[in-house]
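What follows is the content of work_19.cif (mmCIF, C-alpha atoms and all ligand atoms).
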data_data
loop_
_atom_site.label_atom_id
_atom_site.label_comp_id
_atom_site.auth_asym_id
_atom_site.auth_seq_id
_atom_site.Cartn_x
_atom_site.Cartn_y
_atom_site.Cartn_z
CA MET E 1 22.11 16.75 19.64
CA SER E 2 19.75 17.76 22.48
CA HIS E 3 16.12 18.82 22.45
CA LEU E 4 15.93 21.91 20.21
CA LYS E 5 13.83 23.87 22.68
CA THR E 6 16.43 23.45 25.46
CA LEU E 7 19.28 24.88 23.36
CA SER E 8 20.16 28.57 23.24
CA THR E 9 20.04 30.26 19.84
CA GLU E 10 23.83 30.35 19.81
CA GLU E 11 24.05 26.61 20.53
CA LEU E 12 21.52 25.95 17.76
CA GLN E 13 23.58 28.02 15.31
CA GLN E 14 26.73 26.10 16.27
CA GLN E 15 24.99 22.74 15.77
CA HIS E 16 23.65 23.95 12.47
CA ALA E 17 27.13 24.89 11.27
CA VAL E 18 28.49 21.43 12.19
CA LEU E 19 25.59 19.62 10.48
CA ALA E 20 25.82 21.87 7.41
CA GLY E 21 29.48 20.89 7.13
CA SER E 22 28.54 17.19 7.21
CA TYR E 23 25.87 17.85 4.60
CA GLU E 24 28.35 19.53 2.25
CA ALA E 25 30.69 16.55 2.68
CA VAL E 26 27.87 14.21 1.61
CA GLN E 27 27.05 16.45 -1.35
CA ALA E 28 30.65 16.18 -2.45
CA GLN E 29 30.25 12.38 -2.67
CA LYS E 30 27.74 12.92 -5.54
CA LEU E 31 25.46 10.10 -4.40
CA LYS E 32 22.77 8.78 -6.71
CA LEU E 33 20.43 6.69 -4.57
CA ASP E 34 16.72 5.92 -4.89
CA MET E 35 14.46 5.20 -1.91
CA SER E 36 11.35 6.49 -3.61
CA ARG E 37 9.27 3.42 -4.43
CA GLY E 38 8.48 0.17 -2.70
CA LYS E 39 10.07 -2.19 -5.17
CA PRO E 40 11.62 -5.57 -4.34
CA CYS E 41 15.39 -5.78 -4.78
CA SER E 42 17.00 -8.13 -7.28
CA GLU E 43 17.84 -10.65 -4.56
CA GLN E 44 14.11 -10.89 -3.84
CA LEU E 45 13.32 -11.27 -7.53
CA ASP E 46 15.90 -14.06 -7.77
CA LEU E 47 13.81 -16.06 -5.28
CA SER E 48 11.22 -16.56 -8.03
CA ASN E 49 13.51 -17.41 -10.94
CA ASP E 50 12.11 -20.95 -11.06
CA LEU E 51 8.96 -19.36 -12.45
CA PHE E 52 10.85 -19.44 -15.74
CA ASN E 53 11.16 -23.24 -15.57
CA CYS E 54 7.95 -24.52 -14.12
CA LEU E 55 5.90 -25.08 -17.28
CA SER E 56 6.93 -27.08 -20.30
CA LYS E 57 5.88 -28.22 -23.77
CA THR E 58 3.91 -31.00 -22.10
CA ASP E 59 2.66 -29.17 -19.02
CA TYR E 60 0.11 -26.56 -20.02
CA LYS E 61 -3.20 -28.06 -18.92
CA THR E 62 -5.12 -27.59 -15.69
CA ALA E 63 -6.41 -30.57 -13.68
CA ASN E 64 -9.83 -30.27 -15.35
CA GLY E 65 -8.23 -30.43 -18.78
CA THR E 66 -8.34 -26.72 -19.68
CA ASP E 67 -5.67 -25.98 -22.27
CA CYS E 68 -4.05 -22.81 -20.92
CA ARG E 69 -2.64 -21.99 -24.36
CA ASN E 70 -6.07 -21.15 -25.68
CA TYR E 71 -8.86 -18.60 -25.11
CA GLY E 72 -11.44 -19.11 -22.37
CA GLY E 73 -11.89 -19.12 -18.63
CA LEU E 74 -13.04 -15.55 -17.93
CA ASP E 75 -12.60 -15.75 -14.16
CA GLY E 76 -9.28 -17.61 -13.98
CA ILE E 77 -8.20 -21.21 -13.60
CA ALA E 78 -9.63 -23.34 -10.79
CA GLU E 79 -6.21 -24.16 -9.31
CA ALA E 80 -5.37 -20.48 -8.85
CA LYS E 81 -8.70 -19.81 -7.12
CA GLU E 82 -8.02 -22.73 -4.78
CA LEU E 83 -4.45 -21.59 -4.14
CA PHE E 84 -5.41 -18.07 -3.08
CA ALA E 85 -8.79 -18.85 -1.43
CA TRP E 86 -7.16 -19.07 2.03
CA PHE E 87 -5.75 -15.59 2.05
CA LEU E 88 -8.75 -14.06 0.31
CA GLU E 89 -10.87 -15.85 2.96
CA SER E 90 -13.37 -16.64 0.22
CA LYS E 91 -14.76 -19.63 -1.62
CA PRO E 92 -13.41 -20.32 -5.12
CA GLN E 93 -16.73 -19.24 -6.69
CA GLU E 94 -16.37 -15.85 -4.97
CA ILE E 95 -12.98 -15.22 -6.60
CA ILE E 96 -11.88 -13.86 -9.97
CA ILE E 97 -8.25 -14.33 -10.95
CA GLY E 98 -7.38 -11.68 -13.49
CA GLY E 99 -4.39 -10.17 -15.26
CA SER E 100 -1.14 -8.96 -13.81
CA SER E 101 -2.17 -5.91 -11.77
CA SER E 102 -4.58 -5.48 -8.88
CA LEU E 103 -4.37 -1.71 -9.34
CA THR E 104 -5.79 -2.16 -12.84
CA MET E 105 -8.63 -4.26 -11.41
CA MET E 106 -9.43 -1.58 -8.81
CA HIS E 107 -9.28 1.15 -11.45
CA ASP E 108 -11.57 -0.83 -13.76
CA LEU E 109 -14.04 -1.55 -10.95
CA LEU E 110 -14.40 2.16 -10.21
CA CYS E 111 -14.64 2.99 -13.94
CA ARG E 112 -17.54 0.53 -14.20
CA ALA E 113 -19.21 2.10 -11.17
CA MET E 114 -18.84 5.51 -12.84
CA LEU E 115 -20.07 4.37 -16.25
CA HIS E 116 -22.71 1.82 -15.33
CA GLY E 117 -23.26 1.93 -11.56
CA LEU E 118 -23.03 -0.98 -9.13
CA PRO E 119 -25.86 -3.54 -8.84
CA GLU E 120 -27.85 -1.44 -6.36
CA SER E 121 -26.92 2.02 -7.73
CA GLU E 122 -29.81 4.28 -8.63
CA ALA E 123 -27.72 5.74 -11.48
CA PRO E 124 -24.21 5.45 -12.89
CA TRP E 125 -22.00 7.46 -10.56
CA CYS E 126 -20.95 9.80 -13.39
CA LYS E 127 -24.57 11.02 -13.64
CA LEU E 128 -24.54 12.19 -10.03
CA PRO E 129 -23.72 15.81 -9.24
CA LYS E 130 -20.86 14.72 -6.99
CA VAL E 131 -19.06 11.51 -6.01
CA LYS E 132 -16.80 11.48 -2.96
CA PHE E 133 -14.33 8.88 -1.75
CA LEU E 134 -12.73 8.49 1.68
CA CYS E 135 -8.93 8.33 1.72
CA PRO E 136 -7.33 7.23 4.99
CA SER E 137 -4.03 9.10 5.02
CA PRO E 138 -1.13 8.79 4.85
CA GLY E 139 -2.08 6.17 2.27
CA TYR E 140 -1.20 4.74 -1.14
CA ASP E 141 -0.70 7.55 -3.66
CA ARG E 142 -1.87 5.46 -6.64
CA HIS E 143 -5.22 4.74 -4.95
CA PHE E 144 -5.86 8.41 -4.48
CA ALA E 145 -4.75 9.12 -8.05
CA VAL E 146 -7.36 6.67 -9.43
CA THR E 147 -10.29 8.35 -7.69
CA GLU E 148 -8.95 11.82 -8.44
CA HIS E 149 -8.52 10.91 -12.13
CA LEU E 150 -12.15 9.76 -12.28
CA GLY E 151 -13.28 13.16 -11.02
CA MET E 152 -14.25 12.14 -7.50
CA GLU E 153 -13.73 14.43 -4.54
CA LEU E 154 -11.17 12.99 -2.14
CA ILE E 155 -11.78 13.28 1.59
CA THR E 156 -8.78 12.86 3.88
CA ILE E 157 -9.37 10.62 6.91
CA PRO E 158 -6.60 10.66 9.51
CA TYR E 159 -5.10 7.39 10.68
CA LEU E 160 -5.22 6.52 14.36
CA HIS E 161 -3.02 3.79 15.88
CA ASP E 162 -5.31 0.97 14.72
CA GLY E 163 -6.73 2.17 11.42
CA PRO E 164 -8.75 5.08 10.01
CA ASP E 165 -10.48 7.45 12.47
CA MET E 166 -13.74 5.53 12.61
CA ASP E 167 -15.71 8.18 14.53
CA LEU E 168 -15.14 10.51 11.59
CA VAL E 169 -15.78 7.81 8.95
CA GLU E 170 -19.08 6.79 10.56
CA LYS E 171 -20.24 10.38 10.89
CA LEU E 172 -19.44 11.25 7.27
CA VAL E 173 -20.87 8.15 5.57
CA ALA E 174 -24.08 8.26 7.60
CA ALA E 175 -24.78 11.83 6.53
CA ASP E 176 -23.64 12.11 2.92
CA PRO E 177 -25.00 9.89 0.10
CA ALA E 178 -22.34 11.28 -2.25
CA ILE E 179 -19.67 9.32 -0.32
CA LYS E 180 -19.51 6.11 -2.31
CA GLY E 181 -16.56 4.31 -0.81
CA ILE E 182 -13.33 4.09 1.12
CA TRP E 183 -9.81 2.96 0.21
CA CYS E 184 -8.30 0.53 2.72
CA VAL E 185 -4.92 -1.19 2.89
CA PRO E 186 -5.86 -3.14 5.99
CA LYS E 187 -2.67 -5.08 6.68
CA TYR E 188 0.81 -3.57 7.03
CA SER E 189 -0.72 -0.51 5.44
CA ASN E 190 1.16 1.49 2.84
CA PRO E 191 2.93 3.47 4.30
CA THR E 192 2.00 3.41 8.02
CA GLY E 193 2.48 -0.34 8.54
CA ILE E 194 -0.75 -0.39 10.56
CA THR E 195 -2.97 -3.47 10.62
CA TYR E 196 -6.60 -2.60 11.24
CA SER E 197 -7.92 -3.68 14.65
CA ASP E 198 -10.95 -5.99 15.00
CA SER E 199 -13.02 -3.04 16.15
CA VAL E 200 -12.13 -0.98 13.05
CA VAL E 201 -13.01 -3.89 10.75
CA GLN E 202 -16.31 -4.48 12.54
CA ARG E 203 -17.25 -0.81 12.46
CA LEU E 204 -16.47 -0.56 8.73
CA ALA E 205 -18.64 -3.62 8.12
CA ALA E 206 -21.56 -2.52 10.28
CA MET E 207 -21.74 1.27 9.86
CA PRO E 208 -24.91 2.67 8.30
CA THR E 209 -24.16 4.49 5.03
CA ALA E 210 -26.36 7.07 3.33
CA ALA E 211 -25.27 5.69 -0.07
CA PRO E 212 -26.97 2.32 -0.75
CA ASP E 213 -24.10 1.38 -3.08
CA PHE E 214 -21.22 2.24 -0.72
CA ARG E 215 -18.13 0.06 -1.21
CA ILE E 216 -14.99 -0.75 0.75
CA ILE E 217 -11.98 -1.29 -1.51
CA TRP E 218 -10.06 -3.74 0.69
CA ASP E 219 -6.63 -3.80 -0.92
CA ASN E 220 -4.86 -6.58 0.94
CA ALA E 221 -1.65 -6.10 -1.06
CA TYR E 222 0.54 -7.10 1.92
CA VAL E 223 -1.57 -9.99 3.21
CA VAL E 224 1.36 -12.45 3.50
CA HIS E 225 4.23 -9.97 3.70
CA HIS E 226 5.30 -10.50 7.31
CA LEU E 227 8.63 -9.42 8.75
CA THR E 228 8.27 -11.46 11.95
CA ASP E 229 7.21 -14.94 13.01
CA THR E 230 4.26 -13.43 14.87
CA PRO E 231 2.22 -11.93 12.03
CA ASP E 232 -0.47 -9.34 12.67
CA GLN E 233 -3.96 -10.84 12.60
CA LEU E 234 -6.67 -9.19 10.53
CA LEU E 235 -10.36 -9.89 11.04
CA ASP E 236 -12.21 -11.44 8.08
CA ILE E 237 -13.96 -8.40 6.55
CA ARG E 238 -16.29 -10.41 4.32
CA LYS E 239 -17.56 -12.41 7.30
CA ALA E 240 -17.98 -9.20 9.32
CA CYS E 241 -19.91 -7.54 6.46
CA ALA E 242 -22.14 -10.59 5.99
CA ALA E 243 -22.84 -10.76 9.74
CA ALA E 244 -23.86 -7.09 9.68
CA GLY E 245 -26.22 -7.65 6.73
CA HIS E 246 -23.88 -5.93 4.25
CA ALA E 247 -22.49 -8.89 2.30
CA ASP E 248 -22.11 -6.78 -0.86
CA ARG E 249 -20.21 -3.94 0.81
CA VAL E 250 -16.65 -5.09 0.17
CA PHE E 251 -14.33 -6.06 -2.68
CA ILE E 252 -11.06 -7.68 -1.57
CA PHE E 253 -8.04 -7.27 -3.86
CA ALA E 254 -4.58 -8.86 -3.79
CA SER E 255 -1.82 -9.85 -6.18
CA THR E 256 1.43 -11.75 -6.39
CA SER E 257 3.32 -8.57 -7.36
CA LYS E 258 5.43 -8.54 -4.22
CA ILE E 259 5.40 -12.30 -3.82
CA ASN E 260 7.02 -12.97 -7.22
CA PHE E 261 7.56 -10.54 -10.11
CA PRO E 262 5.81 -7.12 -9.99
CA SER E 263 3.90 -6.39 -13.20
CA ALA E 264 4.31 -10.02 -14.25
CA GLY E 265 2.27 -11.61 -11.50
CA ILE E 266 -1.40 -12.41 -11.11
CA ALA E 267 -4.05 -10.22 -9.56
CA MET E 268 -7.28 -11.26 -7.90
CA VAL E 269 -10.53 -10.01 -6.46
CA ALA E 270 -12.97 -11.67 -4.05
CA ALA E 271 -16.47 -10.55 -3.19
CA SER E 272 -20.05 -11.72 -2.62
CA GLU E 273 -21.62 -13.78 -5.41
CA ASN E 274 -23.77 -10.77 -6.26
CA ASN E 275 -20.71 -8.60 -6.78
CA VAL E 276 -18.79 -11.31 -8.61
CA ASN E 277 -21.67 -11.93 -11.00
CA TRP E 278 -21.92 -8.20 -11.70
CA LEU E 279 -18.17 -8.05 -12.32
CA LYS E 280 -18.26 -11.03 -14.68
CA LYS E 281 -21.07 -9.42 -16.68
CA HIS E 282 -18.80 -6.44 -17.33
CA LEU E 283 -15.58 -8.44 -17.66
CA THR E 284 -16.99 -10.54 -20.46
CA ILE E 285 -17.28 -7.39 -22.56
CA GLN E 286 -13.76 -6.28 -21.75
CA THR E 287 -11.83 -9.51 -22.33
CA ILE E 288 -12.08 -13.06 -23.60
CA GLY E 289 -10.03 -14.17 -20.64
CA PRO E 290 -6.83 -13.65 -18.63
CA ASP E 291 -3.35 -15.10 -19.17
CA LYS E 292 -3.95 -18.65 -17.94
CA ILE E 293 -0.38 -19.72 -18.71
CA ASN E 294 0.90 -17.21 -16.17
CA GLN E 295 -1.69 -18.38 -13.68
CA LEU E 296 -0.69 -22.02 -14.10
CA ARG E 297 2.99 -21.08 -13.82
CA HIS E 298 2.34 -19.39 -10.47
CA VAL E 299 0.30 -22.34 -9.22
CA ARG E 300 3.11 -24.75 -10.11
CA PHE E 301 5.69 -22.49 -8.44
CA LEU E 302 3.85 -21.56 -5.23
CA GLN E 303 1.95 -24.87 -4.93
CA ASN E 304 -0.07 -24.29 -1.75
CA GLN E 305 -0.40 -22.23 1.42
CA ALA E 306 2.75 -23.77 2.93
CA GLY E 307 4.62 -22.97 -0.31
CA ILE E 308 3.55 -19.32 -0.18
CA GLU E 309 4.44 -19.02 3.51
CA GLU E 310 7.85 -20.59 2.98
CA HIS E 311 8.51 -18.29 0.02
CA MET E 312 7.52 -15.22 2.06
CA ARG E 313 9.91 -16.24 4.85
CA LYS E 314 12.70 -16.08 2.25
CA HIS E 315 11.63 -12.54 1.32
CA ALA E 316 11.61 -11.56 4.99
CA ALA E 317 15.15 -12.91 5.43
CA VAL E 318 16.33 -10.58 2.63
CA ILE E 319 14.50 -7.41 3.64
CA LYS E 320 14.35 -7.63 7.44
CA PRO E 321 17.98 -6.49 7.86
CA LYS E 322 17.13 -3.45 5.71
CA PHE E 323 14.18 -2.49 7.90
CA GLU E 324 16.29 -3.07 11.00
CA MET E 325 19.05 -0.84 9.67
CA VAL E 326 16.66 2.01 8.85
CA LEU E 327 15.00 1.75 12.26
CA SER E 328 18.33 1.63 14.10
CA ILE E 329 19.64 4.74 12.29
CA LEU E 330 16.39 6.59 13.03
CA GLU E 331 16.58 5.59 16.70
CA ARG E 332 20.29 6.35 17.06
CA GLU E 333 20.14 9.75 15.38
CA LEU E 334 16.63 11.04 16.07
CA GLY E 335 15.46 9.04 19.11
CA GLY E 336 14.38 11.21 22.05
CA LEU E 337 14.88 14.49 20.19
CA ASP E 338 11.19 15.22 19.68
CA ILE E 339 11.78 16.25 16.08
CA ALA E 340 10.50 13.07 14.41
CA SER E 341 8.51 9.90 14.98
CA TRP E 342 8.27 6.80 12.81
CA SER E 343 6.45 3.49 12.37
CA LYS E 344 7.96 0.16 13.36
CA PRO E 345 6.12 -2.16 10.98
CA GLN E 346 5.69 -5.89 11.46
CA GLY E 347 5.37 -6.36 7.71
CA GLY E 348 4.79 -4.69 4.36
CA TYR E 349 7.17 -2.48 2.42
CA PHE E 350 7.42 0.89 4.14
CA ILE E 351 8.46 2.91 7.14
CA SER E 352 6.47 6.08 7.67
CA LEU E 353 8.51 8.98 9.02
CA ASP E 354 6.85 12.05 10.52
CA THR E 355 8.97 15.18 10.89
CA LEU E 356 7.91 18.34 12.72
CA PRO E 357 4.99 20.00 10.90
CA GLY E 358 6.19 22.09 7.96
CA CYS E 359 9.49 20.20 7.49
CA ALA E 360 8.82 17.18 5.24
CA SER E 361 9.03 18.86 1.85
CA LYS E 362 12.24 20.67 2.82
CA VAL E 363 13.79 17.39 4.02
CA VAL E 364 12.89 15.70 0.73
CA GLU E 365 14.33 18.65 -1.24
CA LYS E 366 17.55 18.67 0.75
CA ALA E 367 17.98 14.91 0.38
CA ALA E 368 17.43 15.23 -3.38
CA ALA E 369 20.01 18.03 -3.60
CA ALA E 370 22.54 15.60 -2.09
CA GLY E 371 21.61 12.74 -4.43
CA VAL E 372 19.00 10.73 -2.49
CA LEU E 373 15.58 10.44 -4.08
CA LEU E 374 12.70 10.00 -1.62
CA THR E 375 8.97 9.70 -2.31
CA PRO E 376 7.77 13.31 -2.86
CA ALA E 377 6.50 14.84 0.37
CA GLY E 378 2.72 14.95 0.31
CA ALA E 379 2.42 11.99 -2.07
CA THR E 380 0.79 9.91 0.66
CA PHE E 381 -2.13 12.37 0.91
CA PRO E 382 -5.05 13.19 -1.43
CA TYR E 383 -4.07 15.69 -4.14
CA GLY E 384 -0.42 15.23 -3.10
CA LYS E 385 -0.91 17.73 -0.25
CA ASP E 386 0.00 16.79 3.29
CA PRO E 387 -1.95 19.35 5.37
CA GLU E 388 0.81 19.35 7.99
CA ASP E 389 3.73 18.77 5.59
CA LYS E 390 5.26 16.20 7.92
CA ASN E 391 5.00 12.72 6.37
CA ILE E 392 7.81 11.02 4.44
CA ARG E 393 7.45 7.47 3.10
CA LEU E 394 10.68 5.48 3.36
CA SER E 395 11.05 2.44 1.11
CA PRO E 396 13.91 0.30 2.40
CA THR E 397 13.59 -2.80 0.19
CA PHE E 398 15.18 -1.84 -3.13
CA PRO E 399 18.65 -0.38 -2.40
CA PRO E 400 21.49 -2.65 -1.28
CA LEU E 401 22.28 -2.40 2.46
CA SER E 402 25.38 -0.27 1.95
CA GLU E 403 23.47 2.29 -0.15
CA LEU E 404 20.54 2.25 2.23
CA LYS E 405 22.89 3.14 5.09
CA GLN E 406 24.30 6.10 3.14
CA ALA E 407 20.81 7.24 2.15
CA MET E 408 19.44 7.02 5.69
CA GLU E 409 22.40 8.82 7.20
CA LEU E 410 21.66 11.65 4.82
CA VAL E 411 17.92 11.57 5.60
CA VAL E 412 18.46 11.92 9.36
CA LEU E 413 21.01 14.69 8.74
CA CYS E 414 18.45 16.55 6.62
CA VAL E 415 15.75 16.10 9.30
CA LYS E 416 18.08 17.62 11.91
CA LEU E 417 19.15 20.50 9.66
CA VAL E 418 15.63 21.41 8.60
CA SER E 419 14.30 21.15 12.17
CA ILE E 420 17.01 23.51 13.45
CA GLU E 421 16.42 25.92 10.56
CA GLN E 422 12.71 25.97 11.41
CA GLU E 423 13.38 26.56 15.11
CA LEU E 424 15.83 29.39 14.32
CA ALA E 425 13.28 30.96 11.96
CA ARG E 426 10.59 30.70 14.65
CA ARG E 427 12.82 32.45 17.18
CA ALA E 428 13.76 35.14 14.68
CA ALA E 429 10.12 35.87 13.79
N1 LIG Q 1 -1.84 -1.82 -3.63
C1 LIG Q 1 -0.89 -1.40 -2.79
C2 LIG Q 1 -1.27 -1.01 -1.40
C3 LIG Q 1 0.43 -1.33 -3.21
O1 LIG Q 1 1.37 -0.88 -2.36
C4 LIG Q 1 0.76 -1.72 -4.53
C5 LIG Q 1 2.15 -1.70 -5.08
N2 LIG Q 1 3.06 -0.94 -4.56
C6 LIG Q 1 -0.27 -2.12 -5.37
C7 LIG Q 1 -1.55 -2.19 -4.90
C8 LIG Q 1 0.00 -2.48 -6.80
O2 LIG Q 1 -0.33 -3.80 -6.99
P1 LIG Q 1 -0.32 -4.46 -8.46
O3 LIG Q 1 1.10 -4.65 -8.84
O4 LIG Q 1 -1.04 -5.75 -8.20
O5 LIG Q 1 -1.05 -3.57 -9.37
#
Could you render the structure as structure tokens?
Amino acid sequence: MSHLKTLSTEELQQQHAVLAGSYEAVQAQKLKLDMSRGKPCSEQLDLSNDLFNCLSKTDYKTANGTDCRNYGGLDGIAEAKELFAWFLESKPQEIIIGGSSSLTMMHDLLCRAMLHGLPESEAPWCKLPKVKFLCPSPGYDRHFAVTEHLGMELITIPYLHDGPDMDLVEKLVAADPAIKGIWCVPKYSNPTGITYSDSVVQRLAAMPTAAPDFRIIWDNAYVVHHLTDTPDQLLDIRKACAAAGHADRVFIFASTSKINFPSAGIAMVAASENNVNWLKKHLTIQTIGPDKINQLRHVRFLQNQAGIEEHMRKHAAVIKPKFEMVLSILERELGGLDIASWSKPQGGYFISLDTLPGCASKVVEKAAAAGVLLTPAGATFPYGKDPEDKNIRLSPTFPPLSELKQAMELVVLCVKLVSIEQELARRAA
């Protein structure tokens, strides 16, 4: 296929007929494939099966003698805090190890801010006429859903090559006290794969905000999820905030969901002592304590930093060929055509595909009609609405390679078909 603009209408119609024939042939195969969510595949889950064997009838105590079978230990076991301190870039006393989901912890944090306010809030956020939250987009749909569900107004911030558009962020937060925070997935971002540059991190840490209780939700879900031996480097946000005189500005979240078993892992938060003390005050009302047995099990399994890094290399060996296949099909079929562009991530779980404006939802519909389920178009934007209708999140990890190949061949076919249909419609108008 050549550049659409260089083809005559007749040539476009001919190409369309050929591609439509290929599409019908795929439809006849009655595929049933799912590329919609960033889940690990069973081969990845198998890497953690020793989690089932690493505690025993005689091994259930921590080094300080805590019996993990019983109540107690609101903020998690000491070994788990030590194990994760390096990637949270925090001291053990600045860490809370919680239940099995970091999303739950983020949700609960914002609920508390709404109901009670943060330490320096003048009032609980729910008493304010309006609460707004910045949503760098395309971003993680479940983040946006949390703030939408709590009644906040979501403000879309475009992504640039190295993170959110900071000129816009700085301008908005300086002027509007109703803007209470920003969602950030700073490393191998979901879905763009971007890692925030040093300058973006420093500007987030230092920017003046009209709201005294402004918070950065620093969701480092992909902190150790590298696909190469030369991982992206991310500046230490807590250090940057402290240096700028804003030590309380950030909460860092992470979990073992995509290290071991999603929904059966352990989640964590790190923040200034002020923030952690505030959190503990609220946590103690909510729970007597987290599942310490699960925490101990993960400590025994992962052991230390080297253990985590080694384990993550095994994940990369399983999923790297999947990313490479998706990227090679995109390049082979769409490269140089000017009808799509895509991310080439160094880590994380997603490839972000941008079609021509106005095409993404039609591509997703067409793929679904031929049996391939993609993340709904628009899902990566606040309110599920992509203003340009061009972003599609591809999740290569879950399907087996052979299915992924079939799914991607259909996706690129749909992108070509929809792009030609749009060009023909434009010429006819
Ligand atoms: N944050 C991001 C950016 C994610 O992509 C995901 C899972 N897909 C989560 C959080 C969910 O994490 P958890 O399982 O710890 O709730």
Original post:
Neighbours of E:Pro40 within 10 Å (only C-alpha atoms; same-chain residues fewer than 2 positions away dropped), as a ChimeraX atom specification?
Top reply: /E:37-38,42-45,257-262,315,318-319,349,395-399
Judged by only C-alpha atoms and all ligand atoms, the minimum distance to ligand LIG 1 (chain Q) among E:Glu309, E:Asp141, E:Glu324, E:Asp198 is found for E:Asp141
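The gap separating atom CA of E:Trp86 from atom CA of E:Leu110 is 25.6 Å, in Å to one decimal.
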The centre and edge lengths of an axis-aligned box containing all atoms of ligand LIG 1 (chain Q) present in the file, extended by 8 Å on each side, are to be given in Å to one decimal, as AutoDock Vina command-line options.
--center_x 0.6 --center_y -3.3 --center_z -5.4 --size_x 20.9 --size_y 20.9 --size_z 24.0
Grab the atom CA of E:Met325 to atom CA of E:Ala360 distance for me, in Å with one decimal place.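 The value is 21.2 Å.
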Problem - Within 7 Å of ligand LIG 1 (chain Q) (only C-alpha atoms and all ligand atoms), residues as a PyMOL selection string - result: chain E and resi 38+100-104+140+185+189-190+219+221+254-257+262-263+267
query = Which one of E:Phe133, E:Tyr222, E:Trp342, E:Tyr188 sits closest to E:Leu394 if you count only C-alpha atoms?
reply =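 For E:Leu394, the nearest of the candidates is E:Trp342.
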Anything within 7 Å of (6.4, -7.3, 7.0): list those residues as a compact mmCIF listing (two decimals) with C-alpha atoms, in the frame of the given file, counting all atoms listed in the file and sticking to the file's coordinates.
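Result file out06.txt:
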# COMPACT_ATOMS: atom_id res chain seq x y z
CA TYR E 188 0.81 -3.57 7.03
CA HIS E 225 4.23 -9.97 3.70
CA HIS E 226 5.30 -10.50 7.31
CA LEU E 227 8.63 -9.42 8.75
CA THR E 228 8.27 -11.46 11.95
CA PRO E 345 6.12 -2.16 10.98
CA GLN E 346 5.69 -5.89 11.46
CA GLY E 347 5.37 -6.36 7.71
CA GLY E 348 4.79 -4.69 4.36
CA TYR E 349 7.17 -2.48 2.42
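With only C-alpha atoms as the atoms that count, the minimum distance from E:Thr192 to the choices E:Glu89, E:Glu148, E:Asp354, E:Asp167 is reached by E:Asp354.
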Among listed residues E:Asp236, E:Asp67, E:Glu122, E:Glu24, nearest E:Val250 (using only C-alpha atoms):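 Smallest separation from E:Val250 among the options: E:Asp236.
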- Neighbour list for stretch 4-8 of chain E as a PyMOL selection string, cut-off 9 Å, only C-alpha atoms, skip fewer than 3 positions in-chain: chain E and resi 1+11-13+337-339+419-420+423
Would you mind exporting the chosen residues as an mmCIF file, in the coordinates of the input, restricted to C-alpha atoms?
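As a result, out.cif now contains:
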data_model
loop_
_atom_site.group_PDB
_atom_site.id
_atom_site.type_symbol
_atom_site.label_atom_id
_atom_site.label_comp_id
_atom_site.auth_asym_id
_atom_site.auth_seq_id
_atom_site.Cartn_x
_atom_site.Cartn_y
_atom_site.Cartn_z
ATOM 1 C CA MET E 1 22.110 16.750 19.640
ATOM 2 C CA GLU E 11 24.050 26.610 20.530
ATOM 3 C CA LEU E 12 21.520 25.950 17.760
ATOM 4 C CA GLN E 13 23.580 28.020 15.310
ATOM 5 C CA LEU E 337 14.880 14.490 20.190
ATOM 6 C CA ASP E 338 11.190 15.220 19.680
ATOM 7 C CA ILE E 339 11.780 16.250 16.080
ATOM 8 C CA SER E 419 14.300 21.150 12.170
ATOM 9 C CA ILE E 420 17.010 23.510 13.450
ATOM 10 C CA GLU E 423 13.380 26.560 15.110
#
List as a PyMOL selection string the protein and nucleic acid residues near E:Ala377, meaning an atom at most 10 Å away when all atoms listed in the file are counted, but skip any in the same chain fewer than 3 places from it.
chain E and resi 359-365+374+380-381+384-386+389-393
Serialized selection, C-alpha atoms, as a compact mmCIF listing (two decimals), keeping the file's coordinate frame:
# COMPACT_ATOMS: atom_id res chain seq x y z
CA CYS E 359 9.49 20.20 7.49
CA ALA E 360 8.82 17.18 5.24
CA SER E 361 9.03 18.86 1.85
CA LYS E 362 12.24 20.67 2.82
CA VAL E 363 13.79 17.39 4.02
CA VAL E 364 12.89 15.70 0.73
CA GLU E 365 14.33 18.65 -1.24
CA LEU E 374 12.70 10.00 -1.62
CA THR E 380 0.79 9.91 0.66
CA PHE E 381 -2.13 12.37 0.91
CA GLY E 384 -0.42 15.23 -3.10
CA LYS E 385 -0.91 17.73 -0.25
CA ASP E 386 0.00 16.79 3.29
CA ASP E 389 3.73 18.77 5.59
CA LYS E 390 5.26 16.20 7.92
CA ASN E 391 5.00 12.72 6.37
CA ILE E 392 7.81 11.02 4.44
CA ARG E 393 7.45 7.47 3.10
| field | Among listed residues E:Ile96, E:Leu33, E:Ala145, E:Ala17, nearest E:Ala407 (using all atoms listed in the file) | value |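 The closest residue to E:Ala407 is E:Leu33.
In terms of minimum interatomic distance to E:Asn53, E:Arg297 ranks closest within E:His149, E:Gly163, E:Arg297, E:Val200, counting all atoms listed in the file.
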Around the point (-8.4, -1.4, 13.6), in the coordinates given by the file, pick out the residues reaching within 8 Å, counting only C-alpha atoms, and return them as a list in words.
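Residues with an atom close enough to that point: His161, Asp162, Gly163, Pro164, Thr195, Tyr196, Ser197, Asp198, Ser199, Val200 and Val201 of chain E.
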Quiz item: Which polymer residues have any atom within 9 Å of an atom of E:His143, counting only C-alpha atoms, with same-chain residues fewer than 6 positions away left out, as a ChimeraX atom specification?
Solution: /E:103,106-107,135,183
Computed interatomic separation between atom CA of E:Leu413 and atom CA of E:Ala425 (Å):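 Atom CA of E:Ala425 lies at a distance of 18.3 Å from atom CA of E:Leu413.
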